[in-house]
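Asks: The structure under discussion is supplied below as structure tokens; questions concerning it will follow.
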There are 2 protein chains.
Amino acid sequence: MRRIRLTVAYDGTNYVGWQVQPNGVSIEEILNREISRMLKEKVTVIGASRTDSGVHARGNVCVFDTESRIPGDKFKFAINESLPPDIVIQESEEVPVTYHPRKVRSIKTYEYKILNRTLPDPLERLDSYFFYYPLDVEKMRKASEVLLGEHDFRSFCNIHASVKTTVRRILSLDIDKAGDMITVRIVGNGFLYNQVRIIVGTLVKIGCGLWPVEKMEEALKACDRSAAGPTAPAKGLTLISIVEEESGAADDDNEE
Amino acid sequence: MRRIRLTVAYDGTNYVGWQVQPNGVSIEEILNREISRMLKEKVTVIGASRTDSGVHARGNVCVFDTESRIPGDKFKFAINESLPPDIVIQESEEVPVTYHPRKVRSIKTYEYKILNRTLPDPLERLDSYFFYYPLDVEKMRKASEVLLGEHDFRSFCNIHASVKTTVRRILSLDIDKAGDMITVRIVGNGFLYNQVRIIVGTLVKIGCGLWPVEKMEEALKACDRSAAGPTAPAKGLTLISIVEEESGAADDDNEE
């Protein structure tokens, strides 16, 4: 038996998310079906990040086991042949059979795109959040500073029943503006459920002037979900990459 | 009676093009239907540029006549209420009733996006042409120089039965690369049918090394469609803007 690791990119618009759900088609389901059909054996993928409905990815990761003798780096071409155009395998490689994508320490990068203009742009509608009121990027940058480093992010988590701890470390948080597109790029060792989207929802409240810059620190210190802003829409979020660290086991937590 | 000018943005993916066609839904048809319904009077739009099936726009222009008393700049909000998310009016204003969008001299800007990498990116699939073989942008730039200025572009036109002349003027042609996205930006006083897409098709032949740089000049001088490259796919093309000049009447030609 061999274990194959895939790097998967997808437009999440037409899916119920990574994980199989009763109410629609998931990324996981499409991969299981198409890889099984291609290899003529029953295959079950295990994903690193179970992204929510409508969330996109440029670099989610999953593994599956197979008896096939196809060289590791050739799987991507073989699998892409039968995938729909909104899911594309970017990399494939053979990994040790002991490797588990949720039990390895990794650095995850997310991007959240906010289209900040008077009217929506149909060519940007699938992977950005259209926001009408002008946002003050400088205020958003200032507010984001308190989030850097290790903190209890309980205020920025929608479901934390299943996690051992709500302490996480944010390694960097950059906010860029190009034309009318604001991109929030967050890098960390792991994220709580909806953490990035709640951080962005809070940044938007501050950026449009409804809340002062200081509200971010108050929200962080409160350790109470109601102290932070709303969960920003799923469509603006893209999981950019998962870079694995050399060693050490991670919490298998209920991340986005 | 009043004449209203609209600036229209759309994702052309799901349409048969600007103009009403028997084989599917057009942008024009959606606008006629939704504006008529909203104003409770029969409205017929006249477009500046009859873009092909699959071509996108950030700034196509059209006009319609109405008895409505809605202020010119408010039409955009009223019409957008009932449009699908892939068509959004960006501007609206009242113009003189003598104004006709195809009978005014204008400067048009088109962008053609080529995604040049090993594997497709699902988040870029709708408005870019995925091209696998590495493209040499320097060669493409060099080849494009001969196209600047006024020339007979007969070699770069798929249908020219209906035009008085195939002479056109290209004001600028820039090729930029950001990451793996190559953007060809062409500005001119008017374009022949498929002119931008055939120019791009020829640039791609040269960029991937199948043709030498000199082939562009040969193709231009030949005044023969078969001397130029293939028509690049519609999905990569976006009509960015139409800027009207002060005075003078333009040819009402069969442009893209």
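Going through the structure tokens in order, the chains are called A, B, and so on, while each chain numbers its residues from 1 and the ligands are numbered from 1 in the order shown.
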Can you pull out the residues contacting Glu150 in chain A? Cut-off 10 Å, using only C-alpha atoms, and skip same-chain residues under 3 positions away; I want them as a list in words.
Replies: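 Surrounding residues, per the criterion: Leu147, Phe153, Val167, Arg168, Arg169, Ile170, Leu171, Gly188 and Asn189 of chain A.
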Asks: Which neighbours of range 221-228 of chain B fall inside 7 Å, counting only C-alpha atoms, when residues of the same chain fewer than 4 positions from it are skipped, and could you give them as a PyMOL selection string?
Replies: chain B and resi 153-157+202+217
Asks: Emit the selected residues as a PDB file, in the first residue's frame, including N, CA and C atoms.
Replies:
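Output saved as out.pdb:
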ATOM      1  N   PHE B 153      -5.024  46.114 -40.906  1.00  0.00           N
ATOM      2  CA  PHE B 153      -5.024  44.923 -40.050  1.00  0.00           C
ATOM      3  C   PHE B 153      -5.845  43.769 -40.648  1.00  0.00           C
ATOM      4  N   ARG B 154      -5.917  43.734 -41.964  1.00  0.00           N
ATOM      5  CA  ARG B 154      -6.706  42.693 -42.641  1.00  0.00           C
ATOM      6  C   ARG B 154      -6.312  41.275 -42.184  1.00  0.00           C
ATOM      7  N   SER B 155      -5.039  41.056 -41.923  1.00  0.00           N
ATOM      8  CA  SER B 155      -4.584  39.724 -41.484  1.00  0.00           C
ATOM      9  C   SER B 155      -5.127  39.337 -40.111  1.00  0.00           C
ATOM     10  N   PHE B 156      -5.567  40.366 -39.365  1.00  0.00           N
ATOM     11  CA  PHE B 156      -6.008  40.136 -37.983  1.00  0.00           C
ATOM     12  C   PHE B 156      -7.516  40.346 -37.844  1.00  0.00           C
ATOM     13  N   CYS B 157      -8.247  39.904 -38.831  1.00  0.00           N
ATOM     14  CA  CYS B 157      -9.692  40.121 -38.842  1.00  0.00           C
ATOM     15  C   CYS B 157     -10.376  38.896 -39.434  1.00  0.00           C
ATOM     16  N   THR B 202      -1.410  35.273 -32.206  1.00  0.00           N
ATOM     17  CA  THR B 202      -0.120  35.371 -32.903  1.00  0.00           C
ATOM     18  C   THR B 202       1.015  35.582 -31.895  1.00  0.00           C
ATOM     19  N   GLU B 217       5.584  40.917 -38.156  1.00  0.00           N
ATOM     20  CA  GLU B 217       5.663  41.905 -39.239  1.00  0.00           C
ATOM     21  C   GLU B 217       5.237  41.276 -40.568  1.00  0.00           C
TER      22      GLU B 217
END
Asks: Could you check how far CA of Gly12 in chain B sits from CA of Val196 in chain B, in Å to one decimal?
Replies: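 These two atoms are separated by 16.5 Å.
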Asks: Calculated over only C-alpha atoms, which of the candidates B:Glu91, B:Glu34, B:Asp52, B:Glu124 has the smallest distance to Pro233 in chain B?
Replies: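 Of B:Glu91, B:Glu34, B:Asp52, B:Glu124, the one nearest Pro233 in chain B is B:Asp52, counting only C-alpha atoms.
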Asks: For chain A, which residue among B:Cys62, B:Leu83, B:Leu220, B:Ile4 is the nearest when counting only C-alpha atoms?
Replies: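 Of B:Cys62, B:Leu83, B:Leu220, B:Ile4, the one nearest chain A is B:Leu83, counting only C-alpha atoms.
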Asks: Using only C-alpha atoms, which protein or nucleic acid residues come within 10 Å of Thr44 in chain B? Drop anything in the same chain fewer than 3 positions from it, and give the result as a PyMOL selection string.
Replies: chain B and resi 28-29+31-33+35-36+41+47+62-66
Asks: Write down as number ranges by chain the residues belonging to range 156-233 of chain A that are assigned strand (DSSP E or B) by DSSP computed on the backbone.
Replies: A: 167-178, 181-188
Asks: Please extract the residues of range 172-229 of chain B with a backbone DSSP assignment of alpha helix (DSSP H) and present them as a PyMOL selection string.
Replies: chain B and resi 195-207+215-222
Asks: Using only N, CA and C atoms, please write the residues we just selected to a file, as a short mmCIF file (atom, residue, chain, number, x, y, z; two decimals), in the first residue's frame.
Replies:
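part25.cif written:
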data_model
loop_
_atom_site.label_atom_id
_atom_site.label_comp_id
_atom_site.auth_asym_id
_atom_site.auth_seq_id
_atom_site.Cartn_x
_atom_site.Cartn_y
_atom_site.Cartn_z
N GLN B 195 -10.01 41.17 -33.79
CA GLN B 195 -8.64 41.69 -33.96
C GLN B 195 -7.76 41.44 -32.73
N VAL B 196 -8.27 41.74 -31.55
CA VAL B 196 -7.45 41.57 -30.34
C VAL B 196 -7.12 40.09 -30.13
N ARG B 197 -8.11 39.24 -30.34
CA ARG B 197 -7.89 37.81 -30.10
C ARG B 197 -6.92 37.20 -31.12
N ILE B 198 -6.91 37.70 -32.34
CA ILE B 198 -5.97 37.17 -33.35
C ILE B 198 -4.56 37.72 -33.07
N ILE B 199 -4.46 38.97 -32.63
CA ILE B 199 -3.15 39.51 -32.22
C ILE B 199 -2.59 38.65 -31.08
N VAL B 200 -3.43 38.35 -30.09
CA VAL B 200 -2.96 37.54 -28.95
C VAL B 200 -2.59 36.13 -29.42
N GLY B 201 -3.39 35.54 -30.28
CA GLY B 201 -3.09 34.21 -30.82
C GLY B 201 -1.73 34.18 -31.51
N THR B 202 -1.41 35.27 -32.21
CA THR B 202 -0.12 35.37 -32.90
C THR B 202 1.02 35.58 -31.89
N LEU B 203 0.76 36.42 -30.88
CA LEU B 203 1.77 36.66 -29.83
C LEU B 203 2.09 35.36 -29.08
N VAL B 204 1.09 34.53 -28.86
CA VAL B 204 1.31 33.26 -28.15
C VAL B 204 2.17 32.32 -29.00
N LYS B 205 1.92 32.26 -30.30
CA LYS B 205 2.75 31.45 -31.21
C LYS B 205 4.22 31.87 -31.12
N ILE B 206 4.43 33.18 -31.04
CA ILE B 206 5.79 33.72 -30.97
C ILE B 206 6.38 33.51 -29.57
N GLY B 207 5.57 33.75 -28.56
CA GLY B 207 6.03 33.64 -27.16
C GLY B 207 6.46 32.24 -26.80
N LYS B 215 7.82 37.08 -37.45
CA LYS B 215 6.58 36.59 -38.06
C LYS B 215 5.44 37.61 -37.90
N MET B 216 5.49 38.43 -36.87
CA MET B 216 4.41 39.40 -36.67
C MET B 216 4.40 40.42 -37.81
N GLU B 217 5.58 40.92 -38.16
CA GLU B 217 5.66 41.90 -39.24
C GLU B 217 5.24 41.28 -40.57
N GLU B 218 5.68 40.05 -40.80
CA GLU B 218 5.27 39.33 -42.02
C GLU B 218 3.76 39.19 -42.09
N ALA B 219 3.17 38.81 -40.95
CA ALA B 219 1.72 38.61 -40.91
C ALA B 219 1.00 39.92 -41.20
N LEU B 220 1.48 41.00 -40.61
CA LEU B 220 0.86 42.31 -40.81
C LEU B 220 0.92 42.72 -42.28
N LYS B 221 2.10 42.55 -42.89
CA LYS B 221 2.30 42.97 -44.28
C LYS B 221 1.53 42.09 -45.28
N ALA B 222 1.28 40.85 -44.91
CA ALA B 222 0.63 39.91 -45.84
C ALA B 222 -0.80 40.32 -46.20
#
Asks: Report the distance between CA of Asp180 in chain A and CA of Leu135 in chain A in Å, rounded to one decimal place.
Replies: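 Spanning CA of Asp180 in chain A to CA of Leu135 in chain A is a straight-line distance of 10.0 Å.
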Asks: Select all residues from chain B having any atom no more than 6 Å from an atom of chain A (counting only C-alpha atoms, ignoring ligands), output as a list in words.
Replies: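 Selected residues: Tyr10, Asp11, Asp86, Pro122 and Leu123 of chain B.
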Asks: Excluding same-chain residues fewer than 5 positions from range 175-179 of chain B, what lies within 7 Å of it counting only C-alpha atoms, as a PDB file with C-alpha atoms, in the first residue's frame?
Replies:
ATOM      1  CA  ARG B 141       6.829  42.597 -26.457  1.00  0.00           C
ATOM      2  CA  VAL B 184      -1.906  42.098 -22.890  1.00  0.00           C
ATOM      3  CA  ARG B 185      -3.469  45.578 -22.789  1.00  0.00           C
TER       4      ARG B 185
END
Asks: When distances are computed from only C-alpha atoms, which of A:Leu192, A:Ile79, A:Val137, A:Met1 shows the smallest separation from Met38 in chain A?
Replies: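 Closest to Met38 in chain A of all the choices is A:Ile79.
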Asks: Hey, what's within 9 Å of Tyr15 in chain A if we count only C-alpha atoms and toss same-chain stuff fewer than 5 positions away? As a list of chain:residue names, please?
Replies: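 The neighbour list is A:Gly24, A:Val25, A:Ser26, A:Ile27, A:Ser53, A:Gly54, A:Val55.
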Asks: For Tyr112 in chain A, find every residue with an atom within 6 Å (counting only C-alpha atoms), except residues of its own chain fewer than 3 positions away, and show them as a list in words.
Replies: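 Close residues of Tyr112 in chain A: Thr183, Val184, Gly236 and Leu237 of chain A.
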Asks: Go ahead and dump the residues you just picked, N, CA and C atoms, as a compact mmCIF listing (two decimals), in the first residue's frame.
Replies:
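The new file result17.txt reads:
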# COMPACT_ATOMS: atom_id res chain seq x y z
N THR A 183 -6.73 43.13 0.44
CA THR A 183 -6.42 41.72 0.73
C THR A 183 -5.82 41.61 2.13
N VAL A 184 -6.47 40.82 2.98
CA VAL A 184 -5.96 40.54 4.33
C VAL A 184 -5.29 39.18 4.26
N GLY A 236 -15.16 35.33 0.41
CA GLY A 236 -13.95 36.14 0.36
C GLY A 236 -12.69 35.39 0.78
N LEU A 237 -12.86 34.20 1.37
CA LEU A 237 -11.73 33.49 1.99
C LEU A 237 -11.12 32.42 1.08
Asks: If we count only C-alpha atoms and set the cut-off at 9 Å, which residues sit around Pro101 in chain A, ignoring sequence neighbours fewer than 3 positions away in its own chain? Please answer as a list in words.
Replies: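 Near neighbours after the sequence-gap exclusion: Arg5, Ile46, Gly47, Ala48, Ser49, Val61, Cys62, Val63, Val104, Arg105 and Glu244 of chain A.
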Asks: Quick one: write out the picked residues with N, CA, C and O atoms as a PDB file, in the first residue's frame?
Replies:
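Produced file out-v9.pdb, reproduced below:
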ATOM      1  N   ARG A   5      -0.002  12.115  -1.367  1.00  0.00           N
ATOM      2  CA  ARG A   5      -0.389  13.433  -0.850  1.00  0.00           C
ATOM      3  C   ARG A   5      -0.702  14.336  -2.039  1.00  0.00           C
ATOM      4  O   ARG A   5       0.084  14.431  -2.987  1.00  0.00           O
ATOM      5  N   ILE A  46      -8.282  11.993   2.997  1.00  0.00           N
ATOM      6  CA  ILE A  46      -8.314  12.653   4.310  1.00  0.00           C
ATOM      7  C   ILE A  46      -7.722  14.039   4.113  1.00  0.00           C
ATOM      8  O   ILE A  46      -6.585  14.175   3.664  1.00  0.00           O
ATOM      9  N   GLY A  47      -8.501  15.072   4.411  1.00  0.00           N
ATOM     10  CA  GLY A  47      -8.077  16.449   4.158  1.00  0.00           C
ATOM     11  C   GLY A  47      -7.371  17.073   5.345  1.00  0.00           C
ATOM     12  O   GLY A  47      -7.638  16.728   6.501  1.00  0.00           O
ATOM     13  N   ALA A  48      -6.462  18.001   5.069  1.00  0.00           N
ATOM     14  CA  ALA A  48      -5.768  18.734   6.131  1.00  0.00           C
ATOM     15  C   ALA A  48      -6.707  19.783   6.719  1.00  0.00           C
ATOM     16  O   ALA A  48      -6.760  19.988   7.924  1.00  0.00           O
ATOM     17  N   SER A  49      -7.451  20.470   5.878  1.00  0.00           N
ATOM     18  CA  SER A  49      -8.294  21.560   6.346  1.00  0.00           C
ATOM     19  C   SER A  49      -9.701  21.374   5.787  1.00  0.00           C
ATOM     20  O   SER A  49      -9.896  21.325   4.574  1.00  0.00           O
ATOM     21  N   VAL A  61      -4.605  20.395   1.353  1.00  0.00           N
ATOM     22  CA  VAL A  61      -3.813  19.173   1.250  1.00  0.00           C
ATOM     23  C   VAL A  61      -4.681  17.987   1.643  1.00  0.00           C
ATOM     24  O   VAL A  61      -5.515  18.106   2.542  1.00  0.00           O
ATOM     25  N   CYS A  62      -4.509  16.863   0.961  1.00  0.00           N
ATOM     26  CA  CYS A  62      -5.170  15.635   1.408  1.00  0.00           C
ATOM     27  C   CYS A  62      -4.310  14.435   1.031  1.00  0.00           C
ATOM     28  O   CYS A  62      -3.374  14.553   0.238  1.00  0.00           O
ATOM     29  N   VAL A  63      -4.624  13.304   1.651  1.00  0.00           N
ATOM     30  CA  VAL A  63      -3.917  12.053   1.318  1.00  0.00           C
ATOM     31  C   VAL A  63      -4.927  10.953   1.030  1.00  0.00           C
ATOM     32  O   VAL A  63      -6.083  11.032   1.451  1.00  0.00           O
ATOM     33  N   VAL A 104       0.355  16.774  11.690  1.00  0.00           N
ATOM     34  CA  VAL A 104       1.699  17.276  11.439  1.00  0.00           C
ATOM     35  C   VAL A 104       1.644  18.794  11.661  1.00  0.00           C
ATOM     36  O   VAL A 104       0.647  19.434  11.334  1.00  0.00           O
ATOM     37  N   ARG A 105       2.661  19.342  12.287  1.00  0.00           N
ATOM     38  CA  ARG A 105       2.689  20.792  12.527  1.00  0.00           C
ATOM     39  C   ARG A 105       2.851  21.493  11.188  1.00  0.00           C
ATOM     40  O   ARG A 105       3.685  21.107  10.373  1.00  0.00           O
ATOM     41  N   GLU A 244       4.336  22.367   5.776  1.00  0.00           N
ATOM     42  CA  GLU A 244       4.585  21.525   6.944  1.00  0.00           C
ATOM     43  C   GLU A 244       5.941  21.780   7.562  1.00  0.00           C
ATOM     44  O   GLU A 244       6.920  22.038   6.869  1.00  0.00           O
TER      45      GLU A 244
END
Asks: Between A:Arg3, A:Gly149, A:Asn14, A:Glu138, which has the minimum distance to Gly72 in chain A (counting only C-alpha atoms)?
Replies: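 Closest residue, counting only C-alpha atoms: A:Arg3.
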Asks: In Å, with one decimal, what is the gap from CA of Asn23 in chain A to CA of Thr7 in chain A?
Replies: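 Computing the Euclidean distance for CA of Asn23 in chain A and CA of Thr7 in chain A yields 25.5 Å.
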